[in-house]
Amino acid sequence: MNTMMNTIMRDIANEGGTGFSRRDLLKGGGALIVGFSLAAAPELASVARADIVASPDPNLIDSWIAVHADNTATVIFGKCELGQGNTTGMLQIAGEELDLDMSQLAAVRCDTHVTPDQGATTSSSSIERGGPRLRAAAAEARAALLRLASARLDAPPAALTVAKGVVAVAGEPSRSVKYGDLLGDKRFDLKLTGSAPQKPVSQYTLVGARVPRRDIPDKVAARYTHMQHVRVANMLHGRIVRPRGQGAYGSGARAVSIDESSIKDIAGARVLRKGDFIGVVAEREWDAVKAARVLKVVWQESATLPGNAKLYAAMRAAHTTDTVVVDKGSLADGFARAAHVASATYHLPYQAHVPFGPNCAIADVGPDGALVMSSTQDVYNSRRMLADTLGLPPQKIRVQYYEGSGTFGHSCYEDAAQAAAIMSQLAGRPVRVQFMRADEHGWDNYGPAHVAELRAGVDRDGKIVAYEYQGWQHGWHVIETSQELAQLTKPKERTSGSNSITVNPVSTGAMYAIANRRVISHAVPMEGLLKGSPLRSPMDMHYSFASEQIIDELAHAAGIDPLEFRRLNIAGERWLGVLNAAAAAAGWTPRASARTDAETVTGRGIAIGTHHVSFGAAVAEIEVNRRTGVIVAKKLYGALDAGLAVNPALIENQIVGQMVQATSRILKEEVIFSERNVTSLDWESYPVLRFAEHPDVTPVVVQRLNEPSTGAGEEVMGSTGAAIANAFFDATGVRLREYPMTPQRVLAALAG
Amino acid sequence: MADELSIKVNGRAWAVAASPDTPLLYVLTNELELKGPKFGCGLAQCGSCSVLADGVEIRSCVTPVAAVAGKAVTTLEGLPAWYAETKKPSQAPALHPLQQAFIDAQAPHCGYCSSGMIIKASELLARNPRPSDGEIRQAMNGHLCRCGTYPRVMQAIKLAARVMAGETP
């Protein structure tokens with residue numbers, strides 16, 4: 001049994017798991033370790049029909065740590081590997097407290113029936129909010145192991161030392177015992193109280209180290225199982241059938257007629273329909289692709305979107321619900337003291353998540369239970385949503401996470417899972433649904449558009465004395481499209497419950513010491529616009545593009561170097577730290593604009609920003625071709641203070657990724673839609689930054705050993721975009737108030 | 001009814017059950033159960049499905065399986081052996097130098113584009129062992145990445161080129 005458990009826990013490890021081990025897992029071996037039990041050893045296709053029971057209890061140490069006879073440990077946590085290095089970082093935290101090294105540690109995939117509920121893997125929160133609980137569990141596991149060792153070695157716990165899972169009496173290395181011999185493959189059977197002492201930061205050796213990512217070797221050797229590669233027995237291939245590109249939110253997708261005979265020549269293909277949800281399935285994937293393409297459907301059409309041309313006017317004209325997010329001091333007094341005032345309106349687009357590999361999911365739904373595999377960032381929330389769609393109790397649904405392609409927020413992963421579940425329930429067989437490129441591009445939950453109106457003033461000494469930010473935006477979707485169509489539900493909008501839905505008070509001026517500041521959030525109804533959701537660093541690129549350009553304008557108006565101006569007005573030591581770090585990396589020295597009359601001009605810009613926590617700064621060096629309007633981001637320097645950096649190498653890699661993606665978003669990306677529907681459905685109509693266009697990126701991690709770890713996956717996005725915008729002004733003397741900064745917009749702005 | 005078709009992938013002959021018009025990608029992923037090539041767009045726009053056909057990078061998502069009959073197809077899985085065959089070292093390495101360089105440079109994030117990137121770069125280095133930065137940028141320009149790994153991929157390709165030339169990296 002012990003050997004079997006080792007095999008099982010390793011087999012479902014994130015790295016190199018086969019994806020087909022759940023049969024073994026369900027045989028009951030895992031029960032001993034993670035606390036669920038299943039009787040038989042059913043064939044995979046009928047797994048979902050088995051009696052699936054509940055979730056691990058997060059208040060038990062056994063739900064987090066399993067120690068094996070060979071002196072290794074499996075670490076179980078509810079945060080997903082998204083390619084950000086989460087597994088590596090979380091194992092470092094656990095290994096540090098347990099005194100095990102990385103070679104002794106394995107992790108498991110998120111799974112409602114294996115991993116504790118730690119909420120969604122979003123907002124760059126894994127290390128920040130997921131880490132402390134894991135650290136507490138690991139520390140408590142170590143304390144329990146020390147008690148066992150104390151009895152075994154007949155020495156008080158205080159006299160014991162641990163290295164690599166070997167407990168020894170201090171000064172007497174011959175008196176030692178391994179964790180594996182103390183507990184190997186047996187349960188702790190202890191409550192997690194959170195009371196065990198944790199290692200002081202000064203003793204850290206694994207936390208803070210540049211441990212290489214655990215997932216990369218398999219990813220480059222074609223051994224990694226992405227969701228798109230999972231296959232199960234007796235599976236049908238499915239595709240969704242919808243209009244090409246979503247229409248106005250709330251208008252649904254109603255088929256007036258479906259001509260099922262149009263696919264009669266495609267072997268085994270058939271239509272599955274529930275409410276307005278339409279899918280096709282076939283034994284072979286290519287037949288499903290063809291059937292989805294060929295199926296003749298007449299859709300009810302409506303021209304109720306504003307289209308790109310009238311979007312911002314529609315948002316400003318909407319009946320809004322307004323919230324004063326910040327109201328500090330007196331704006332009137334501040335502006336009365338201002339020597340210079342800058343004001344401007346900014347128009348900022350819908351942008352798409354569009355993971356590089358469209359989302360995919362597999363569902364096996366039976367009358368009494370379901371197994372769903374998907375790239376969801378929150379297996380527990382998926383389960384609640386699926387329960388509603390399928391009419392099953394949540395505890396009868398098991399959701400397993402498989403990494404997909406980088407998703408950067410709430411892309412179509414839940415929608416694909418819902419589609420697979422609906423189709424499997426209709427077909428009575430497991431169904432794999434792979435979204436096609438146009439499905440993902442056209443039915444995404446886009447990062448919402450934004451309108452900003454800013455006004456700010458600076459006094460004669462270069463101090464910002466007044467700042468007002470008014471922003472217009474809508475909220476997020478609640479129900480996935482597949483579910484909405486299947487259940488014919490009315491559209492709902494999430495308008496609260498996240499501090500990214502109203503205008504973010506941190507990204508709008510909080511990095512500066514401003515006595516008089518007001519931020520107002522105008523909530524625009526989503527109905528009639530496009531479906532929205534959080535997209536990497538939700539809305540911050542919008543806020544920073546507007547806010548940091550206004551700050552830059554004040555610096556120029558005051559005749560102060562933009563770096564020096566920010567230093568003069570900075571709100572705190574940690575903001576100053578990243579500002580200086582980015583400036584130092586870039587070798588920033590005050591100078592006059594390098595502006596010339598040449599065809600190609602160069603510029604540099606600086607900006608600071610964040611999401612809600614952590615501190616980010618960026619410097620951009622760009623080239624602008626004034627004849628073609630093409631902007632090339634040449635060099636970027638990014639600094640991030642995320643408190644205690646558990647693994648600075650991971651954060652450096654995240655800074656590089658953020659800065660390249662932010663360059664893509666600021667220069668290229670915009671969802672295009674007509675009055676009927678979204679029309680940017682592939683990489684031609686929704687261009688992203690290409691290889692030849694990428695900037696050189698210099699990442700700088702500001703290590704703060706005595707500060708709590710905070711998010712590191714998005715906090716340099718905002719400052720990067722804003723630094724590029726400020727560099728454009730430096731190069732041309734012209735401000736762009738709208739992005740993406742496409743050649744067309746650049747030429748129009750330069751023509752003035 | 002599906003015709004019997006045989007293709008050569010990673011040095012082995014495979015009988016294919018799929019119809020001849022089926023894109024090669026679906027045969028590689030569903031019948032051969034390979035994890036290198038991946039579905040990204042089905043439009044030959046992104047490069048996640050790239051494989052080598054007689055040493056030339058092709059997009060398997062738009063290439064009918066019948067079109068590679070008689071050609072030697074190499075996926076990421078077969079790249080070390082393909083490298084050994086072309087470079088004739090005494091034995092096939094466990095990884096192509098590019099794969100090792102992607103690890104050394106910690107290049108991938110989600111890793112979805114990595115296979116196509118490595119395939120394309122292997123084609124580049126086979127015909128141009130010491131490409132300039134500009135040549136790398138141009139050669140790789142048909143391969144998209146949404147995670148923002150381009151700078152690290154660039155580093156990895158240059159590192160692999162140095163290793164393949166026998167230089168100390």
# chains A, B, ... in the order shown; residues from 1 in each chain; ligands from 1
>>> residues_around(residues="A:Met526", least_positions_apart="3", cutoff="8 Å", atoms="only C-alpha atoms", output="ChimeraX atom specification")
/A:249,474-476,493,529-532
>>> select_by_dssp(residues="chain B", states="helix (DSSP H, G or I)", output="ChimeraX atom specification")
/B:24-31,65-68,76-87,97-104,114-127,133-139,150-164
>>> residues_around(residues="stretch 19-24 of chain B", least_positions_apart="3", cutoff="12 Å", atoms="only C-alpha atoms", output="PyMOL selection string")
(chain A and resi 266-267+284-290) or (chain B and resi 1-9+15-16+27-32+34+37-39+42-44+49-53+58-69+73-75)
>>> write_last_selection(atoms="C-alpha atoms", output="PDB file, in the first residue's frame")
ATOM      1  CA  ILE A 266     -19.747  13.753 -42.198  1.00  0.00           C
ATOM      2  CA  ALA A 267     -19.404  10.316 -40.666  1.00  0.00           C
ATOM      3  CA  ARG A 284     -12.865  11.891 -35.003  1.00  0.00           C
ATOM      4  CA  GLU A 285     -11.683  15.396 -34.220  1.00  0.00           C
ATOM      5  CA  TRP A 286     -11.393  16.538 -37.828  1.00  0.00           C
ATOM      6  CA  ASP A 287     -14.978  15.447 -38.443  1.00  0.00           C
ATOM      7  CA  ALA A 288     -16.116  17.557 -35.498  1.00  0.00           C
ATOM      8  CA  VAL A 289     -14.177  20.533 -36.884  1.00  0.00           C
ATOM      9  CA  LYS A 290     -15.743  20.087 -40.308  1.00  0.00           C
TER      10      LYS A 290
ATOM     11  CA  MET B   1     -14.314   5.721 -45.637  1.00  0.00           C
ATOM     12  CA  ALA B   2     -10.821   6.381 -44.411  1.00  0.00           C
ATOM     13  CA  ASP B   3      -8.036   5.279 -46.711  1.00  0.00           C
ATOM     14  CA  GLU B   4      -4.996   3.459 -45.413  1.00  0.00           C
ATOM     15  CA  LEU B   5      -2.073   5.833 -45.429  1.00  0.00           C
ATOM     16  CA  SER B   6       1.437   5.518 -44.086  1.00  0.00           C
ATOM     17  CA  ILE B   7       3.557   8.376 -42.804  1.00  0.00           C
ATOM     18  CA  LYS B   8       7.038   8.492 -41.342  1.00  0.00           C
ATOM     19  CA  VAL B   9       7.263  10.366 -38.063  1.00  0.00           C
ATOM     20  CA  ALA B  15      -0.318   3.482 -40.517  1.00  0.00           C
ATOM     21  CA  VAL B  16      -2.821   6.315 -40.406  1.00  0.00           C
ATOM     22  CA  VAL B  27      -3.083  12.667 -36.684  1.00  0.00           C
ATOM     23  CA  LEU B  28      -0.014  13.540 -34.602  1.00  0.00           C
ATOM     24  CA  THR B  29      -2.016  14.426 -31.500  1.00  0.00           C
ATOM     25  CA  ASN B  30      -4.876  11.919 -31.666  1.00  0.00           C
ATOM     26  CA  GLU B  31      -3.426   8.866 -33.369  1.00  0.00           C
ATOM     27  CA  LEU B  32       0.263   9.139 -32.444  1.00  0.00           C
ATOM     28  CA  LEU B  34       2.417  13.224 -29.446  1.00  0.00           C
ATOM     29  CA  PRO B  37       2.880  19.940 -31.810  1.00  0.00           C
ATOM     30  CA  LYS B  38      -0.109  21.835 -30.453  1.00  0.00           C
ATOM     31  CA  PHE B  39      -3.310  23.330 -31.778  1.00  0.00           C
ATOM     32  CA  GLY B  42      -5.711  26.077 -37.332  1.00  0.00           C
ATOM     33  CA  LEU B  43      -4.836  28.934 -39.704  1.00  0.00           C
ATOM     34  CA  ALA B  44      -1.037  28.695 -39.959  1.00  0.00           C
ATOM     35  CA  CYS B  49       1.827  23.200 -34.503  1.00  0.00           C
ATOM     36  CA  SER B  50       5.137  23.413 -36.355  1.00  0.00           C
ATOM     37  CA  VAL B  51       6.994  20.241 -37.323  1.00  0.00           C
ATOM     38  CA  LEU B  52       9.827  19.525 -39.724  1.00  0.00           C
ATOM     39  CA  ALA B  53       9.110  17.771 -43.016  1.00  0.00           C
ATOM     40  CA  ILE B  58       5.735  23.347 -41.842  1.00  0.00           C
ATOM     41  CA  ARG B  59       2.449  24.137 -40.136  1.00  0.00           C
ATOM     42  CA  SER B  60       0.825  20.803 -39.379  1.00  0.00           C
ATOM     43  CA  CYS B  61      -2.563  22.415 -38.699  1.00  0.00           C
ATOM     44  CA  VAL B  62      -3.095  23.232 -42.385  1.00  0.00           C
ATOM     45  CA  THR B  63      -1.067  20.449 -43.999  1.00  0.00           C
ATOM     46  CA  PRO B  64      -3.227  17.500 -45.082  1.00  0.00           C
ATOM     47  CA  VAL B  65      -1.724  14.287 -43.783  1.00  0.00           C
ATOM     48  CA  ALA B  66      -1.568  12.941 -47.337  1.00  0.00           C
ATOM     49  CA  ALA B  67       0.840  15.747 -48.249  1.00  0.00           C
ATOM     50  CA  VAL B  68       3.591  14.376 -46.012  1.00  0.00           C
ATOM     51  CA  ALA B  69       3.461  10.822 -47.332  1.00  0.00           C
ATOM     52  CA  VAL B  73       8.301  14.247 -40.307  1.00  0.00           C
ATOM     53  CA  THR B  74      10.074  15.332 -37.127  1.00  0.00           C
ATOM     54  CA  THR B  75       8.262  16.638 -34.059  1.00  0.00           C
TER      55      THR B  75
END
>>> residues_around(residues="A:Gln703", least_positions_apart="2", cutoff="6 Å", atoms="only C-alpha atoms", output="list in words")
Leu644, Ala645 and Val701 of chain A
>>> write_last_selection(atoms="C-alpha atoms", output="PDB file, in the first residue's frame")
ATOM      1  CA  LEU A 644      10.080  39.045   0.165  1.00  0.00           C
ATOM      2  CA  ALA A 645      10.893  37.536  -3.223  1.00  0.00           C
ATOM      3  CA  VAL A 701      13.814  42.656  -8.475  1.00  0.00           C
TER       4      VAL A 701
END
>>> closest_residue(among="B:Leu95, B:Ala156, B:Ala165, B:Cys41", to="B:Leu25", atoms="only C-alpha atoms")
B:Cys41
>>> residues_around(residues="A:Ala139", least_positions_apart="5", cutoff="10 Å", atoms="only C-alpha atoms", output="ChimeraX atom specification")
/A:61,93-99,133-134,144-145,192,194-199
>>> write_last_selection(atoms="N, CA and C atoms", output="PDB file, in the first residue's frame")
ATOM      1  N   ILE A  61      -3.453  18.757   8.691  1.00  0.00           N
ATOM      2  CA  ILE A  61      -2.112  18.802   8.105  1.00  0.00           C
ATOM      3  C   ILE A  61      -2.033  17.840   6.917  1.00  0.00           C
ATOM      4  N   ILE A  93       8.646  27.346  -0.465  1.00  0.00           N
ATOM      5  CA  ILE A  93       8.085  27.745   0.841  1.00  0.00           C
ATOM      6  C   ILE A  93       7.936  26.517   1.737  1.00  0.00           C
ATOM      7  N   ALA A  94       7.358  25.449   1.179  1.00  0.00           N
ATOM      8  CA  ALA A  94       7.137  24.243   1.983  1.00  0.00           C
ATOM      9  C   ALA A  94       8.467  23.599   2.362  1.00  0.00           C
ATOM     10  N   GLY A  95       9.385  23.515   1.407  1.00  0.00           N
ATOM     11  CA  GLY A  95      10.673  22.882   1.654  1.00  0.00           C
ATOM     12  C   GLY A  95      11.482  23.615   2.703  1.00  0.00           C
ATOM     13  N   GLU A  96      11.362  24.949   2.695  1.00  0.00           N
ATOM     14  CA  GLU A  96      12.089  25.750   3.685  1.00  0.00           C
ATOM     15  C   GLU A  96      11.649  25.381   5.100  1.00  0.00           C
ATOM     16  N   GLU A  97      10.351  25.325   5.310  1.00  0.00           N
ATOM     17  CA  GLU A  97       9.845  25.030   6.663  1.00  0.00           C
ATOM     18  C   GLU A  97      10.077  23.571   7.043  1.00  0.00           C
ATOM     19  N   LEU A  98      10.023  22.687   6.050  1.00  0.00           N
ATOM     20  CA  LEU A  98      10.180  21.256   6.342  1.00  0.00           C
ATOM     21  C   LEU A  98      11.645  20.837   6.417  1.00  0.00           C
ATOM     22  N   ASP A  99      12.547  21.692   5.977  1.00  0.00           N
ATOM     23  CA  ASP A  99      13.952  21.325   5.853  1.00  0.00           C
ATOM     24  C   ASP A  99      14.133  20.138   4.917  1.00  0.00           C
ATOM     25  N   ARG A 133      -0.572  30.012   4.335  1.00  0.00           N
ATOM     26  CA  ARG A 133      -1.238  28.816   4.865  1.00  0.00           C
ATOM     27  C   ARG A 133      -0.358  27.580   4.656  1.00  0.00           C
ATOM     28  N   LEU A 134       0.240  27.511   3.483  1.00  0.00           N
ATOM     29  CA  LEU A 134       1.116  26.375   3.195  1.00  0.00           C
ATOM     30  C   LEU A 134       2.328  26.396   4.128  1.00  0.00           C
ATOM     31  N   ALA A 144       5.558  18.360  14.198  1.00  0.00           N
ATOM     32  CA  ALA A 144       5.027  17.031  14.525  1.00  0.00           C
ATOM     33  C   ALA A 144       6.103  15.967  14.306  1.00  0.00           C
ATOM     34  N   LEU A 145       6.846  16.112  13.223  1.00  0.00           N
ATOM     35  CA  LEU A 145       7.914  15.153  12.934  1.00  0.00           C
ATOM     36  C   LEU A 145       9.010  15.231  14.000  1.00  0.00           C
ATOM     37  N   LEU A 192      -4.607  21.340  11.847  1.00  0.00           N
ATOM     38  CA  LEU A 192      -3.698  22.446  11.544  1.00  0.00           C
ATOM     39  C   LEU A 192      -4.116  23.630  12.412  1.00  0.00           C
ATOM     40  N   GLY A 194      -1.956  26.294  13.145  1.00  0.00           N
ATOM     41  CA  GLY A 194      -1.255  27.524  12.776  1.00  0.00           C
ATOM     42  C   GLY A 194      -0.347  28.037  13.880  1.00  0.00           C
ATOM     43  N   SER A 195      -0.154  27.236  14.918  1.00  0.00           N
ATOM     44  CA  SER A 195       0.586  27.726  16.083  1.00  0.00           C
ATOM     45  C   SER A 195       2.060  27.325  16.082  1.00  0.00           C
ATOM     46  N   ALA A 196       2.463  26.453  15.153  1.00  0.00           N
ATOM     47  CA  ALA A 196       3.857  26.003  15.173  1.00  0.00           C
ATOM     48  C   ALA A 196       4.783  27.163  14.826  1.00  0.00           C
ATOM     49  N   PRO A 197       5.937  27.238  15.496  1.00  0.00           N
ATOM     50  CA  PRO A 197       6.867  28.317  15.163  1.00  0.00           C
ATOM     51  C   PRO A 197       7.388  28.173  13.723  1.00  0.00           C
ATOM     52  N   GLN A 198       7.511  29.313  13.048  1.00  0.00           N
ATOM     53  CA  GLN A 198       8.032  29.294  11.680  1.00  0.00           C
ATOM     54  C   GLN A 198       9.458  29.816  11.677  1.00  0.00           C
ATOM     55  N   LYS A 199      10.167  29.393  10.676  1.00  0.00           N
ATOM     56  CA  LYS A 199      11.576  29.749  10.580  1.00  0.00           C
ATOM     57  C   LYS A 199      11.738  31.265  10.420  1.00  0.00           C
TER      58      LYS A 199
END
>>> closest_residue(among="A:Val624, A:Val433, A:Met385, A:Ile608", to="A:Met541", atoms="only C-alpha atoms")
A:Ile608
>>> atom_distance(atom1="atom CA of A:Ala255", atom2="atom CA of A:Trp299")
4.5 Å
>>> closest_residue(among="A:Ala712, A:Ala466, A:Ala221, A:Leu554", to="chain B", atoms="only C-alpha atoms")
A:Ala221
>>> residues_around(residues="B:Gly134", least_positions_apart="2", cutoff="12 Å", atoms="only C-alpha atoms", output="PDB file with N, CA and C atoms, in the first residue's frame")
ATOM      1  N   PHE A 691       7.670  38.391 -32.926  1.00  0.00           N
ATOM      2  CA  PHE A 691       9.040  38.124 -32.482  1.00  0.00           C
ATOM      3  C   PHE A 691       9.997  39.244 -32.883  1.00  0.00           C
ATOM      4  N   ALA A 692       9.930  39.646 -34.163  1.00  0.00           N
ATOM      5  CA  ALA A 692      10.890  40.630 -34.668  1.00  0.00           C
ATOM      6  C   ALA A 692      10.722  41.990 -34.008  1.00  0.00           C
ATOM      7  N   GLU A 693       9.584  42.194 -33.349  1.00  0.00           N
ATOM      8  CA  GLU A 693       9.283  43.505 -32.773  1.00  0.00           C
ATOM      9  C   GLU A 693       9.590  43.588 -31.280  1.00  0.00           C
ATOM     10  N   HIS A 694      10.110  42.518 -30.699  1.00  0.00           N
ATOM     11  CA  HIS A 694      10.200  42.511 -29.240  1.00  0.00           C
ATOM     12  C   HIS A 694      11.337  43.390 -28.713  1.00  0.00           C
TER      13      HIS A 694
ATOM     14  N   ARG B 130      25.373  30.386 -37.289  1.00  0.00           N
ATOM     15  CA  ARG B 130      25.644  31.561 -36.447  1.00  0.00           C
ATOM     16  C   ARG B 130      24.830  32.752 -36.919  1.00  0.00           C
ATOM     17  N   PRO B 131      23.526  32.692 -36.750  1.00  0.00           N
ATOM     18  CA  PRO B 131      22.687  33.804 -37.225  1.00  0.00           C
ATOM     19  C   PRO B 131      22.914  35.073 -36.398  1.00  0.00           C
ATOM     20  N   SER B 132      22.760  36.201 -37.057  1.00  0.00           N
ATOM     21  CA  SER B 132      22.806  37.485 -36.340  1.00  0.00           C
ATOM     22  C   SER B 132      21.488  37.661 -35.598  1.00  0.00           C
ATOM     23  N   ILE B 136      17.817  36.064 -36.578  1.00  0.00           N
ATOM     24  CA  ILE B 136      16.962  35.291 -35.654  1.00  0.00           C
ATOM     25  C   ILE B 136      15.575  35.920 -35.589  1.00  0.00           C
ATOM     26  N   ARG B 137      15.541  37.218 -35.417  1.00  0.00           N
ATOM     27  CA  ARG B 137      14.249  37.901 -35.332  1.00  0.00           C
ATOM     28  C   ARG B 137      13.412  37.638 -36.582  1.00  0.00           C
ATOM     29  N   GLN B 138      14.058  37.696 -37.732  1.00  0.00           N
ATOM     30  CA  GLN B 138      13.325  37.509 -38.985  1.00  0.00           C
ATOM     31  C   GLN B 138      12.845  36.060 -39.117  1.00  0.00           C
ATOM     32  N   ALA B 139      13.743  35.119 -38.822  1.00  0.00           N
ATOM     33  CA  ALA B 139      13.377  33.707 -38.975  1.00  0.00           C
ATOM     34  C   ALA B 139      12.246  33.320 -38.044  1.00  0.00           C
ATOM     35  N   MET B 140      12.247  33.880 -36.844  1.00  0.00           N
ATOM     36  CA  MET B 140      11.267  33.473 -35.820  1.00  0.00           C
ATOM     37  C   MET B 140       9.972  34.278 -35.889  1.00  0.00           C
ATOM     38  N   ASN B 141       9.882  35.197 -36.812  1.00  0.00           N
ATOM     39  CA  ASN B 141       8.783  36.163 -36.769  1.00  0.00           C
ATOM     40  C   ASN B 141       7.399  35.549 -37.003  1.00  0.00           C
ATOM     41  N   MET B 154      15.136  34.339 -27.611  1.00  0.00           N
ATOM     42  CA  MET B 154      16.276  34.917 -28.332  1.00  0.00           C
ATOM     43  C   MET B 154      17.599  34.516 -27.662  1.00  0.00           C
ATOM     44  N   LYS B 158      20.629  31.948 -29.231  1.00  0.00           N
ATOM     45  CA  LYS B 158      22.039  32.366 -29.331  1.00  0.00           C
ATOM     46  C   LYS B 158      22.937  31.450 -28.503  1.00  0.00           C
TER      47      LYS B 158
END
>>> select_by_dssp(residues="stretch 405-512 of chain A", states="strand (DSSP E or B)", output="PyMOL selection string")
chain A and resi 409+431-434+446-447+450-458+464-473+476-477+493-494+512
>>> closest_residue(among="A:Thr72, A:Thr88, A:Gln228, A:Ser302", to="B:Lys35", atoms="only C-alpha atoms")
A:Gln228
>>> atom_distance(atom1="atom CA of A:Pro740", atom2="atom CA of A:Ala314")
19.5 Å
>>> interface_residues(of="chain B", to="chain A", cutoff="7 Å", atoms="only C-alpha atoms", output="ChimeraX atom specification")
/B:22,26,35-36,39-41,45,76-77,99,103,108-112,114-115,137-138,140-141,143-151
>>> residues_around(residues="A:Lys492", least_positions_apart="2", cutoff="9 Å", atoms="only C-alpha atoms", output="MDAnalysis selection string")
chainID A and resid 250 476:479 489:490 494 526:527
>>> write_last_selection(atoms="N, CA and C atoms", output="PDB file, in the first residue's frame")
ATOM      1  N   GLY A 250     -26.074  40.258 -23.588  1.00  0.00           N
ATOM      2  CA  GLY A 250     -27.499  40.199 -23.284  1.00  0.00           C
ATOM      3  C   GLY A 250     -28.344  39.821 -24.486  1.00  0.00           C
ATOM      4  N   TRP A 476     -18.032  42.745 -14.781  1.00  0.00           N
ATOM      5  CA  TRP A 476     -17.624  41.445 -15.319  1.00  0.00           C
ATOM      6  C   TRP A 476     -18.821  40.526 -15.503  1.00  0.00           C
ATOM      7  N   HIS A 477     -18.637  39.533 -16.346  1.00  0.00           N
ATOM      8  CA  HIS A 477     -19.715  38.562 -16.543  1.00  0.00           C
ATOM      9  C   HIS A 477     -19.794  37.634 -15.325  1.00  0.00           C
ATOM     10  N   VAL A 478     -20.936  37.036 -15.152  1.00  0.00           N
ATOM     11  CA  VAL A 478     -21.146  36.132 -14.023  1.00  0.00           C
ATOM     12  C   VAL A 478     -21.355  34.712 -14.538  1.00  0.00           C
ATOM     13  N   ILE A 479     -22.203  34.571 -15.539  1.00  0.00           N
ATOM     14  CA  ILE A 479     -22.565  33.258 -16.066  1.00  0.00           C
ATOM     15  C   ILE A 479     -21.781  33.018 -17.357  1.00  0.00           C
ATOM     16  N   THR A 489     -30.752  31.893 -19.544  1.00  0.00           N
ATOM     17  CA  THR A 489     -30.802  32.831 -18.421  1.00  0.00           C
ATOM     18  C   THR A 489     -30.664  34.259 -18.911  1.00  0.00           C
ATOM     19  N   LYS A 490     -31.139  35.163 -18.097  1.00  0.00           N
ATOM     20  CA  LYS A 490     -30.971  36.577 -18.401  1.00  0.00           C
ATOM     21  C   LYS A 490     -29.525  36.961 -18.068  1.00  0.00           C
ATOM     22  N   ARG A 494     -21.446  41.307 -12.817  1.00  0.00           N
ATOM     23  CA  ARG A 494     -20.805  41.446 -11.514  1.00  0.00           C
ATOM     24  C   ARG A 494     -20.333  42.885 -11.382  1.00  0.00           C
ATOM     25  N   MET A 526     -23.061  46.831 -18.402  1.00  0.00           N
ATOM     26  CA  MET A 526     -22.389  46.014 -19.424  1.00  0.00           C
ATOM     27  C   MET A 526     -23.347  45.614 -20.542  1.00  0.00           C
ATOM     28  N   GLU A 527     -24.615  45.489 -20.195  1.00  0.00           N
ATOM     29  CA  GLU A 527     -25.592  45.060 -21.202  1.00  0.00           C
ATOM     30  C   GLU A 527     -25.562  46.014 -22.392  1.00  0.00           C
TER      31      GLU A 527
END
>>> closest_residue(among="B:Glu123, B:Leu159, B:Gly142, B:Ala13", to="B:Thr86", atoms="only C-alpha atoms")
B:Glu123
